[in-house]
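Trainee: Okay, handing you the structure first.
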Amino acid sequence: MPRYVAFLRAINVGGHTVKMDRLRALFEALSLANVETVIASGNVLFDTRAKDMSALERKIERHLEPALGYAVATFVRAQADLDTVLTAHPFGTIEASHTLTVSFLKDAPPAHVVATLVALETPTDRLHVSGRELYWHTHGRMSDSTLFGVSFEKMLRQQSTSRNIKTVQRLGAKARA
């Protein structure tokens, strides 16, 4: 059965705390197999025969909202999609003092939105969109960036959830294990 990862947006923020064993049980209740949570920031690995990932995202969201009492945007990627993200290297080699963040989107943004987004680049911040992923490379820490606090979601006109590349690498390794 194919392996997938669900990236959950804001699962443990704003006064909400979901224990990972409960999150696993919620996913298992959807008949997803080999459910495993990774880091308490809303990363869930699982196996499924489902083919329509948009429908699966909606199914997970509809299941989580009444169980948790709040909406949880869900972004599902196949293991192959995760491998593509990890081998993309849109900025070449990233120095240890730099930060690379990947934002997962529901849909690929239109070209004019991508152009507006990329126009925000600075000498220390670079942006790249590939399909349903936004890559943000900054020299140093994200919080020191002039783009820190910019609402990419407003510009993209859709929700997203972001992960540091190290988290994505860890998820990729676990998905392949």
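Going by the structure tokens order, chains are called A, B, ..., each with residues numbered from 1, while ligands are numbered from 1 in the order shown.
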Need the shell around A:Arg163: protein/DNA/RNA residues with any atom at most 12 Å away, counting only C-alpha atoms. Skip same-chain ones fewer than 3 positions apart. Format as a list in words?
Mentor: Phe7, Leu8, Arg9, Ala10, Ile39, Ser41, Gly42, Asn43, Phe75, Val85, Thr99, Leu100, Thr101, Val102, Ser103, Phe104, Leu105, Glu133, Leu134, Tyr135, Trp136, Met142, Ser160, Lys166, Thr167, Val168, Gln169, Arg170 and Leu171 of chain A
Trainee: From stretch 34-152 of chain A, collect each residue whose DSSP state is strand (DSSP E) and return the set as an MDAnalysis selection string.
Mentor: chainID A and resid 34:37 43:47 74:78 98:105 125:130 133:139
Trainee: Can you pull out every residue within 12 Å of A:Ala115, counting only C-alpha atoms, but drop anything in the same chain fewer than 3 positions away, and send it as JSON, numbers by chain?
Mentor: {"A": [109, 110, 111, 112, 118, 119, 120, 121, 127, 128, 129, 155, 156]}
Trainee: So which bits of stretch 116-165 of chain A end up helix (DSSP H, G or I) when you DSSP the backbone, as a short mmCIF file (atom, residue, chain, number, x, y, z; two decimals) with N, CA and C atoms, in the first residue's frame?
Mentor:
data_model
loop_
_atom_site.label_atom_id
_atom_site.label_comp_id
_atom_site.auth_asym_id
_atom_site.auth_seq_id
_atom_site.Cartn_x
_atom_site.Cartn_y
_atom_site.Cartn_z
N THR A 116 4.26 37.85 -8.23
CA THR A 116 4.12 38.82 -7.14
C THR A 116 4.91 38.37 -5.92
N LEU A 117 4.83 37.11 -5.63
CA LEU A 117 5.53 36.54 -4.48
C LEU A 117 7.05 36.63 -4.67
N VAL A 118 7.53 36.21 -5.80
CA VAL A 118 8.97 36.21 -6.07
C VAL A 118 9.52 37.64 -6.11
N MET A 142 14.88 32.61 10.36
CA MET A 142 13.65 33.16 9.78
C MET A 142 13.22 34.43 10.51
N SER A 143 13.32 34.41 11.82
CA SER A 143 12.85 35.55 12.61
C SER A 143 13.67 36.82 12.36
N ASP A 144 14.85 36.68 11.78
CA ASP A 144 15.68 37.85 11.44
C ASP A 144 15.40 38.36 10.03
N PHE A 152 2.20 35.09 3.43
CA PHE A 152 2.25 34.43 2.12
C PHE A 152 0.87 33.86 1.77
N GLU A 153 0.13 33.44 2.79
CA GLU A 153 -1.21 32.89 2.54
C GLU A 153 -2.12 33.92 1.87
N LYS A 154 -2.06 35.15 2.32
CA LYS A 154 -2.89 36.20 1.68
C LYS A 154 -2.48 36.39 0.23
N MET A 155 -1.19 36.40 0.00
CA MET A 155 -0.70 36.58 -1.36
C MET A 155 -1.08 35.38 -2.24
N LEU A 156 -0.97 34.19 -1.67
CA LEU A 156 -1.28 32.97 -2.42
C LEU A 156 -2.78 32.73 -2.53
N ILE A 165 13.16 22.41 6.49
CA ILE A 165 13.61 21.31 5.65
C ILE A 165 14.12 20.13 6.47
#
Trainee: Quote the spacing between atom CA of A:Val150 and atom CA of A:Ser162 in Å to one decimal place.
Mentor: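 Between atom CA of A:Val150 and atom CA of A:Ser162 the gap works out to 13.4 Å.
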Trainee: So the first atom is atom CA of A:Tyr4 and the second is atom CA of A:Leu56; what is the distance between them in Å, to one decimal place?
Mentor: 10.9 Å
